[in-house]
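The file run.csv comes next; it holds CSV, C-alpha atoms.
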```csv
chain,number,residue,atom,x,y,z
A,1,MET,CA,7.0,6.6,-27.7
A,2,ILE,CA,7.7,4.1,-24.9
A,3,ALA,CA,5.8,0.8,-25.2
A,4,ALA,CA,4.3,0.2,-21.8
A,5,GLN,CA,4.7,-3.2,-20.0
A,6,CYS,CA,3.5,-4.3,-16.6
A,7,PRO,CA,6.5,-4.8,-14.3
A,8,LEU,CA,4.5,-7.3,-12.2
A,9,CYS,CA,3.6,-9.8,-14.9
A,10,GLY,CA,5.1,-8.6,-18.2
A,11,GLY,CA,1.7,-7.9,-19.7
A,12,SER,CA,1.5,-5.3,-22.5
A,13,GLU,CA,-2.2,-4.6,-22.8
A,14,PHE,CA,-4.1,-2.2,-20.5
A,15,GLY,CA,-7.8,-1.9,-20.3
A,16,ASP,CA,-10.2,0.8,-19.2
A,17,TYR,CA,-11.7,0.9,-15.7
A,18,ARG,CA,-14.8,3.0,-15.2
A,19,SER,CA,-14.1,6.3,-16.8
A,20,ARG,CA,-10.3,5.9,-16.8
A,21,LYS,CA,-8.6,4.7,-20.0
A,22,LYS,CA,-6.0,2.0,-20.3
A,23,VAL,CA,-5.1,1.8,-16.6
A,24,ARG,CA,-5.7,-1.9,-15.7
A,25,CYS,CA,-3.3,-4.6,-16.8
A,26,THR,CA,-5.4,-7.2,-18.6
A,27,ALA,CA,-3.1,-10.0,-17.6
A,28,CYS,CA,-2.8,-9.5,-13.8
A,29,GLY,CA,-5.4,-6.9,-13.1
A,30,SER,CA,-2.9,-4.4,-11.6
A,31,PHE,CA,-3.7,-0.7,-11.5
A,32,GLU,CA,-1.1,2.1,-11.6
A,33,ARG,CA,-0.5,2.1,-7.9
A,34,GLY,CA,0.3,-1.7,-7.9
A,35,ARG,CA,2.8,-1.3,-10.8
A,36,PHE,CA,4.6,1.6,-9.1
A,37,LEU,CA,4.6,-0.4,-5.8
A,38,GLY,CA,6.0,-3.4,-7.7
A,39,LEU,CA,8.8,-1.4,-9.3
A,40,VAL,CA,9.9,-0.1,-5.8
A,41,LEU,CA,9.8,-3.6,-4.3
A,42,GLN,CA,11.8,-5.1,-7.2
A,43,ARG,CA,14.5,-2.5,-7.0
A,44,ALA,CA,14.8,-1.5,-3.3
A,45,ALA,CA,13.1,-4.0,-1.0
A,46,PRO,CA,15.4,-5.1,1.8
A,47,ALA,CA,17.0,-8.6,1.7
A,48,ALA,CA,15.2,-11.4,3.4
A,49,THR,CA,16.0,-12.0,7.1
A,50,GLY,CA,13.7,-14.9,7.7
A,51,SER,CA,11.1,-12.7,9.5
A,52,PRO,CA,7.7,-12.4,7.9
A,53,VAL,CA,6.7,-9.8,5.3
A,54,VAL,CA,3.0,-9.2,5.7
A,55,HIS,CA,1.0,-8.1,2.7
A,56,PHE,CA,-2.5,-6.7,3.6
A,57,ALA,CA,-5.4,-7.1,1.2
A,58,PRO,CA,-3.1,-8.9,-1.3
A,59,GLU,CA,-3.3,-8.1,-5.0
A,60,VAL,CA,-2.3,-10.8,-7.5
A,61,GLY,CA,0.6,-8.9,-9.1
A,62,THR,CA,2.1,-7.5,-5.9
A,63,SER,CA,1.8,-10.9,-4.3
A,64,LYS,CA,3.7,-12.5,-7.1
A,65,VAL,CA,6.6,-10.0,-6.6
A,66,LEU,CA,6.7,-10.4,-2.8
A,67,ARG,CA,6.7,-14.2,-3.0
A,68,SER,CA,9.6,-14.1,-5.4
A,69,LEU,CA,11.5,-11.9,-3.0
A,70,TYR,CA,10.6,-13.5,0.3
A,71,GLY,CA,9.5,-17.0,-0.4
A,72,GLU,CA,8.0,-18.8,2.6
A,73,ALA,CA,8.4,-15.6,4.7
A,74,TYR,CA,5.7,-14.0,2.6
A,75,GLN,CA,2.4,-13.7,4.6
A,76,PRO,CA,-0.8,-12.5,2.9
A,77,ALA,CA,-3.3,-11.0,5.5
A,78,ASP,CA,-6.7,-9.5,5.7
A,79,VAL,CA,-9.6,-9.0,8.1
A,80,SER,CA,-11.6,-11.3,5.9
A,81,PRO,CA,-9.3,-14.1,4.7
A,82,ASP,CA,-12.1,-15.8,2.8
A,83,SER,CA,-12.1,-13.0,0.3
A,84,TYR,CA,-9.1,-14.5,-1.5
A,85,PRO,CA,-10.1,-17.8,-3.0
A,86,TRP,CA,-7.3,-17.4,-5.7
A,87,MET,CA,-4.6,-17.5,-3.0
A,88,ASP,CA,-2.9,-20.9,-2.8
A,89,ILE,CA,-1.4,-20.3,0.6
A,90,PRO,CA,-3.3,-19.4,3.9
A,91,VAL,CA,-4.3,-15.8,4.3
A,92,ARG,CA,-3.7,-14.7,7.9
A,93,GLN,CA,-6.6,-13.0,9.6
A,94,ILE,CA,-5.4,-9.6,11.0
A,95,ASP,CA,-7.7,-6.7,12.0
A,96,LEU,CA,-5.7,-3.5,11.5
A,97,GLN,CA,-7.9,-1.7,14.0
A,98,TYR,CA,-5.9,-3.6,16.6
A,99,PRO,CA,-2.5,-4.6,15.0
A,100,SER,CA,-0.8,-5.5,18.3
A,101,ARG,CA,-3.3,-8.3,19.0
A,102,TYR,CA,-1.9,-10.1,16.0
A,103,LEU,CA,1.7,-8.8,15.5
A,104,ALA,CA,4.3,-9.0,18.3
A,105,PRO,CA,6.8,-6.1,18.7
A,106,GLU,CA,9.7,-6.3,16.1
A,107,SER,CA,8.4,-9.6,14.8
A,108,VAL,CA,8.2,-8.8,11.0
A,109,LEU,CA,10.6,-7.6,8.4
A,110,GLY,CA,8.0,-5.5,6.5
A,111,LEU,CA,4.5,-4.4,6.0
A,112,VAL,CA,3.0,-3.8,2.5
A,113,HIS,CA,-0.4,-2.5,1.6
A,114,SER,CA,-2.2,-0.4,-0.9
A,115,HIS,CA,-5.5,1.6,-0.4
A,116,ILE,CA,-6.1,0.1,3.0
A,117,LEU,CA,-5.7,2.8,5.6
A,118,GLU,CA,-8.8,4.7,4.5
A,119,HIS,CA,-10.9,1.7,5.4
A,120,ILE,CA,-9.7,1.1,9.0
A,121,PRO,CA,-12.3,2.3,11.6
A,122,GLY,CA,-11.2,3.9,14.8
A,123,ASP,CA,-7.9,5.6,15.7
A,124,LEU,CA,-5.6,5.6,12.7
A,125,THR,CA,-2.7,7.0,14.6
A,126,ASN,CA,-2.9,4.1,17.1
A,127,SER,CA,-3.1,1.6,14.3
A,128,LEU,CA,0.0,3.0,12.6
A,129,TYR,CA,2.0,3.1,15.9
A,130,GLU,CA,1.1,-0.5,16.5
A,131,MET,CA,1.9,-1.6,12.9
A,132,ASN,CA,5.3,0.2,13.1
A,133,ALA,CA,6.1,-1.3,16.5
A,134,ALA,CA,5.8,-4.7,14.9
A,135,ILE,CA,8.6,-4.0,12.4
A,136,GLU,CA,12.1,-5.1,13.3
A,137,VAL,CA,14.9,-2.5,13.1
A,138,GLY,CA,16.1,-2.4,9.5
A,139,GLY,CA,12.7,-3.4,8.3
A,140,PHE,CA,10.3,-1.5,6.1
A,141,HIS,CA,6.8,-0.2,5.7
A,142,ILE,CA,5.7,0.4,2.1
A,143,PHE,CA,2.2,1.6,1.3
A,144,VAL,CA,-0.2,3.6,-1.0
A,145,VAL,CA,-3.2,5.7,0.0
A,146,PRO,CA,-5.7,7.6,-2.1
A,147,PHE,CA,-6.1,11.3,-1.9
A,148,PHE,CA,-9.6,12.8,-2.2
A,149,SER,CA,-9.3,16.2,-0.5
A,150,ASP,CA,-6.8,18.9,0.3
A,151,TRP,CA,-7.1,18.3,4.0
A,152,TYR,CA,-7.5,15.2,6.2
A,153,ARG,CA,-11.1,14.4,7.3
A,154,GLU,CA,-12.8,11.4,8.8
A,155,ASP,CA,-16.1,10.3,10.2
A,156,MET,CA,-17.0,7.0,11.9
A,157,ASP,CA,-20.7,7.6,12.0
A,158,SER,CA,-22.2,4.2,11.1
A,159,GLY,CA,-25.4,5.8,10.2
A,160,MET,CA,-23.9,7.9,7.3
A,161,SER,CA,-25.4,7.0,4.0
A,162,ARG,CA,-23.3,5.4,1.2
A,163,GLU,CA,-24.1,8.5,-0.9
A,164,GLU,CA,-22.6,10.8,1.7
A,165,ARG,CA,-19.5,8.7,2.1
A,166,ASP,CA,-19.1,8.7,-1.6
A,167,ARG,CA,-19.3,12.5,-1.6
A,168,LEU,CA,-16.9,13.0,1.4
A,169,PHE,CA,-14.4,10.2,1.0
A,170,GLY,CA,-14.6,9.1,-2.6
A,171,GLN,CA,-16.0,5.6,-1.8
A,172,TRP,CA,-18.9,4.2,0.2
A,173,ASP,CA,-16.7,2.0,2.5
A,174,HIS,CA,-14.1,4.7,3.3
A,175,VAL,CA,-14.1,6.3,6.8
A,176,ARG,CA,-11.5,8.9,6.0
A,177,SER,CA,-9.9,11.0,3.2
A,178,PHE,CA,-6.2,11.9,3.2
A,179,GLY,CA,-5.3,15.4,2.4
A,180,ARG,CA,-2.7,16.4,-0.1
A,181,ARG,CA,-1.7,19.4,1.9
A,182,ASP,CA,-1.3,17.8,5.4
A,183,PHE,CA,-0.7,14.1,4.8
A,184,LEU,CA,3.0,14.0,5.7
A,185,ASP,CA,2.6,16.3,8.7
A,186,ARG,CA,-0.3,14.1,9.9
A,187,ILE,CA,1.4,10.7,9.6
A,188,GLY,CA,4.9,12.0,10.4
A,189,PRO,CA,4.7,11.4,14.2
A,190,CYS,CA,4.0,7.7,13.6
A,191,PHE,CA,7.3,7.4,11.7
A,192,ARG,CA,9.7,9.3,13.9
A,193,ASN,CA,11.9,6.3,14.3
A,194,PHE,CA,12.0,5.7,10.5
A,195,GLU,CA,13.7,7.3,7.5
A,196,ARG,CA,11.7,8.0,4.4
A,197,ILE,CA,13.2,6.6,1.3
A,198,HIS,CA,13.0,9.1,-1.6
A,199,LEU,CA,11.8,7.2,-4.6
A,200,ASN,CA,13.3,9.5,-7.3
A,201,ASP,CA,16.6,7.7,-6.3
A,202,ILE,CA,15.0,4.4,-7.3
A,203,VAL,CA,12.5,5.1,-10.1
A,204,THR,CA,12.6,7.6,-12.9
A,205,VAL,CA,9.8,9.3,-14.8
A,206,ASP,CA,10.6,7.1,-17.9
A,207,ASP,CA,10.3,4.0,-15.7
A,208,LEU,CA,6.8,5.0,-14.7
A,209,VAL,CA,5.8,5.8,-18.3
A,210,ALA,CA,7.1,2.4,-19.3
A,211,ALA,CA,4.9,0.8,-16.6
A,212,ALA,CA,1.8,2.7,-17.6
A,213,VAL,CA,1.9,4.8,-14.5
A,214,PRO,CA,1.4,8.6,-14.6
A,215,PRO,CA,4.7,10.4,-13.9
A,216,SER,CA,2.8,12.7,-11.5
A,217,ALA,CA,2.8,9.8,-9.0
A,218,LEU,CA,6.5,10.5,-8.5
A,219,THR,CA,6.3,14.3,-8.1
A,220,GLN,CA,2.9,14.9,-6.5
A,221,LEU,CA,0.7,13.2,-3.9
A,222,THR,CA,-1.7,11.1,-6.0
A,223,ALA,CA,-3.7,7.9,-5.5
A,224,HIS,CA,-0.8,6.0,-7.2
A,225,SER,CA,2.1,7.5,-5.1
A,226,VAL,CA,4.2,5.1,-3.0
A,227,PHE,CA,5.5,5.8,0.5
A,228,TYR,CA,8.5,3.9,1.6
A,229,PHE,CA,9.9,4.0,5.2
A,230,ARG,CA,12.7,2.1,6.8
A,231,LYS,CA,13.0,1.5,10.5
A,232,LEU,CA,16.1,3.0,12.2
A,233,ARG,CA,15.5,2.2,15.8
A,234,SER,CA,13.0,0.8,18.3
A,235,LEU,CA,10.3,2.9,19.8
```
Produce structure tokens that represent the structure in this file.
Amino acid sequence: MIAAQCPLCGGSEFGDYRSRKKVRCTACGSFERGRFLGLVLQRAAPAATGSPVVHFAPEVGTSKVLRSLYGEAYQPADVSPDSYPWMDIPVRQIDLQYPSRYLAPESVLGLVHSHILEHIPGDLTNSLYEMNAAIEVGGFHIFVVPFFSDWYREDMDSGMSREERDRLFGQWDHVRSFGRRDFLDRIGPCFRNFERIHLNDIVTVDDLVAAAVPPSALTQLTAHSVFYFRKLRSL
């Protein structure tokens, strides 16, 4: 039996979270998705170019990996920067409903985020286009989304109750649910000038087991699955 170890911090103990057993690293607080994301970054992130790498809604463990890779080019960001008192560098304010207001075309090497896209109100397609336009050629977009339904659905009704959002989208502050059956078809047009990097060339099932990540994250669309795109050309 493989002894699990967190690839982000080296921790070897994993605690329960809600009804899920032994999923959260007790040292850095990472969940399965963060550990999978960390493995991909450690093994296959592009070399630094001096351009910023923007990390939205930064988590402790992923932030540590990105800072080790990109140094001063690392930029944590969030719509509410004050939510990160533990961060010892400034958190840039960026509202992903309007990325182009904050990020100039081809001005960043990469964008990294986990379980963020389901929170962004408004036109998600436009947000993704503008985010991708900000990435320089050769740069990357690495992210994770949750899946709560077979097909995509969203609702921006501000009057919807928390209970109804829980039922439809899996969490009270989500405005959409990504579908396992149509996710890649739906986001594909936003990544036409990118190549998708297939992660089974980077990470093995044994690697995931050793990092306390369900192997299904590599073979199916799950809330822990990582998507990695590299930009081939300008829009």
> Quick one: distance from CA of Arg101 (chain A) to CA of Asp123 (chain A) in Å, one decimal?
Replying inline: 15.0 Å
>> Just to confirm, what's the straight-line distance from CA of Gly122 (chain A) to CA of His174 (chain A) in Å (one decimal)?
In response: 11.9 Å
>> Using all atoms listed in the file and a cutoff of 12 Å, can you tell me which residues are near (17.8, -10.4, -1.4) in the file's coordinates, and write them out as a VMD selection string?
In response: chain A and resid 41 to 50 66 to 71
Since we have the selection now, will you write its residues out, keeping C-alpha atoms, as a short mmCIF file (atom, residue, chain, number, x, y, z; two decimals), in the frame of the given file?
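Written out: result_9.cif:
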```cif
data_model
loop_
_atom_site.label_atom_id
_atom_site.label_comp_id
_atom_site.auth_asym_id
_atom_site.auth_seq_id
_atom_site.Cartn_x
_atom_site.Cartn_y
_atom_site.Cartn_z
CA LEU A 41 9.80 -3.60 -4.30
CA GLN A 42 11.80 -5.10 -7.20
CA ARG A 43 14.50 -2.50 -7.00
CA ALA A 44 14.80 -1.50 -3.30
CA ALA A 45 13.10 -4.00 -1.00
CA PRO A 46 15.40 -5.10 1.80
CA ALA A 47 17.00 -8.60 1.70
CA ALA A 48 15.20 -11.40 3.40
CA THR A 49 16.00 -12.00 7.10
CA GLY A 50 13.70 -14.90 7.70
CA LEU A 66 6.70 -10.40 -2.80
CA ARG A 67 6.70 -14.20 -3.00
CA SER A 68 9.60 -14.10 -5.40
CA LEU A 69 11.50 -11.90 -3.00
CA TYR A 70 10.60 -13.50 0.30
CA GLY A 71 9.50 -17.00 -0.40
#
```
>> Let me make sure I understand: among A:Glu59, A:Asp16, A:Asp206, A:Asp88, which one has the smallest atom-to-atom distance to Cys28 (chain A) if we use all atoms listed in the file?
In response: A:Glu59
>> Can you measure CA of Ser51 (chain A) to CA of Ser114 (chain A) for me? One decimal in Å is fine.
In response: 20.9 Å
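Distances here use all atoms listed in the file; by that measure, the residue among A:Val65, A:Val54, A:Glu118, A:Ala134 closest to Ala77 (chain A) is A:Val54.
The nearest approach to Asn200 (chain A) among the residues A:Phe147, A:Ser158, A:Phe36, A:Lys231, with only C-alpha atoms taken into account, belongs to A:Phe36.
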What would region 51-68 of chain A look like with N, CA and C atoms in place, written as a PDB file, keeping the file's coordinate frame?
```pdb
ATOM      1  N   SER A  51      12.345 -13.209   8.804  1.00  0.00           N
ATOM      2  CA  SER A  51      11.100 -12.700   9.500  1.00  0.00           C
ATOM      3  C   SER A  51      10.048 -12.486   8.413  1.00  0.00           C
ATOM      4  N   PRO A  52       8.790 -12.572   8.833  1.00  0.00           N
ATOM      5  CA  PRO A  52       7.700 -12.400   7.900  1.00  0.00           C
ATOM      6  C   PRO A  52       7.625 -11.066   7.218  1.00  0.00           C
ATOM      7  N   VAL A  53       7.135 -11.053   5.988  1.00  0.00           N
ATOM      8  CA  VAL A  53       6.700  -9.800   5.300  1.00  0.00           C
ATOM      9  C   VAL A  53       5.232  -9.950   5.089  1.00  0.00           C
ATOM     10  N   VAL A  54       4.477  -9.068   5.726  1.00  0.00           N
ATOM     11  CA  VAL A  54       3.000  -9.200   5.700  1.00  0.00           C
ATOM     12  C   VAL A  54       2.424  -8.247   4.693  1.00  0.00           C
ATOM     13  N   HIS A  55       1.590  -8.807   3.851  1.00  0.00           N
ATOM     14  CA  HIS A  55       1.000  -8.100   2.700  1.00  0.00           C
ATOM     15  C   HIS A  55      -0.528  -8.039   2.971  1.00  0.00           C
ATOM     16  N   PHE A  56      -1.038  -6.869   3.311  1.00  0.00           N
ATOM     17  CA  PHE A  56      -2.500  -6.700   3.600  1.00  0.00           C
ATOM     18  C   PHE A  56      -3.289  -6.537   2.359  1.00  0.00           C
ATOM     19  N   ALA A  57      -4.468  -7.159   2.354  1.00  0.00           N
ATOM     20  CA  ALA A  57      -5.400  -7.100   1.200  1.00  0.00           C
ATOM     21  C   ALA A  57      -4.585  -7.407  -0.084  1.00  0.00           C
ATOM     22  N   PRO A  58      -4.025  -8.593  -0.190  1.00  0.00           N
ATOM     23  CA  PRO A  58      -3.100  -8.900  -1.300  1.00  0.00           C
ATOM     24  C   PRO A  58      -3.713  -8.813  -2.669  1.00  0.00           C
ATOM     25  N   GLU A  59      -2.961  -8.188  -3.576  1.00  0.00           N
ATOM     26  CA  GLU A  59      -3.300  -8.100  -5.000  1.00  0.00           C
ATOM     27  C   GLU A  59      -2.466  -9.185  -5.720  1.00  0.00           C
ATOM     28  N   VAL A  60      -2.966  -9.685  -6.821  1.00  0.00           N
ATOM     29  CA  VAL A  60      -2.300 -10.800  -7.500  1.00  0.00           C
ATOM     30  C   VAL A  60      -0.866 -10.391  -7.933  1.00  0.00           C
ATOM     31  N   GLY A  61      -0.694  -9.252  -8.597  1.00  0.00           N
ATOM     32  CA  GLY A  61       0.600  -8.900  -9.100  1.00  0.00           C
ATOM     33  C   GLY A  61       1.627  -8.607  -8.008  1.00  0.00           C
ATOM     34  N   THR A  62       1.227  -7.818  -7.001  1.00  0.00           N
ATOM     35  CA  THR A  62       2.100  -7.500  -5.900  1.00  0.00           C
ATOM     36  C   THR A  62       2.478  -8.750  -5.110  1.00  0.00           C
ATOM     37  N   SER A  63       1.503  -9.617  -4.940  1.00  0.00           N
ATOM     38  CA  SER A  63       1.800 -10.900  -4.300  1.00  0.00           C
ATOM     39  C   SER A  63       2.827 -11.695  -4.968  1.00  0.00           C
ATOM     40  N   LYS A  64       2.766 -11.727  -6.273  1.00  0.00           N
ATOM     41  CA  LYS A  64       3.700 -12.500  -7.100  1.00  0.00           C
ATOM     42  C   LYS A  64       5.152 -11.928  -6.835  1.00  0.00           C
ATOM     43  N   VAL A  65       5.290 -10.604  -6.822  1.00  0.00           N
ATOM     44  CA  VAL A  65       6.600 -10.000  -6.600  1.00  0.00           C
ATOM     45  C   VAL A  65       7.117 -10.313  -5.208  1.00  0.00           C
ATOM     46  N   LEU A  66       6.271 -10.157  -4.196  1.00  0.00           N
ATOM     47  CA  LEU A  66       6.700 -10.400  -2.800  1.00  0.00           C
ATOM     48  C   LEU A  66       7.054 -11.866  -2.588  1.00  0.00           C
ATOM     49  N   ARG A  67       6.327 -12.775  -3.202  1.00  0.00           N
ATOM     50  CA  ARG A  67       6.700 -14.200  -3.000  1.00  0.00           C
ATOM     51  C   ARG A  67       7.989 -14.521  -3.689  1.00  0.00           C
ATOM     52  N   SER A  68       8.288 -13.857  -4.798  1.00  0.00           N
ATOM     53  CA  SER A  68       9.600 -14.100  -5.400  1.00  0.00           C
ATOM     54  C   SER A  68      10.728 -13.542  -4.608  1.00  0.00           C
TER      55      SER A  68
END
```
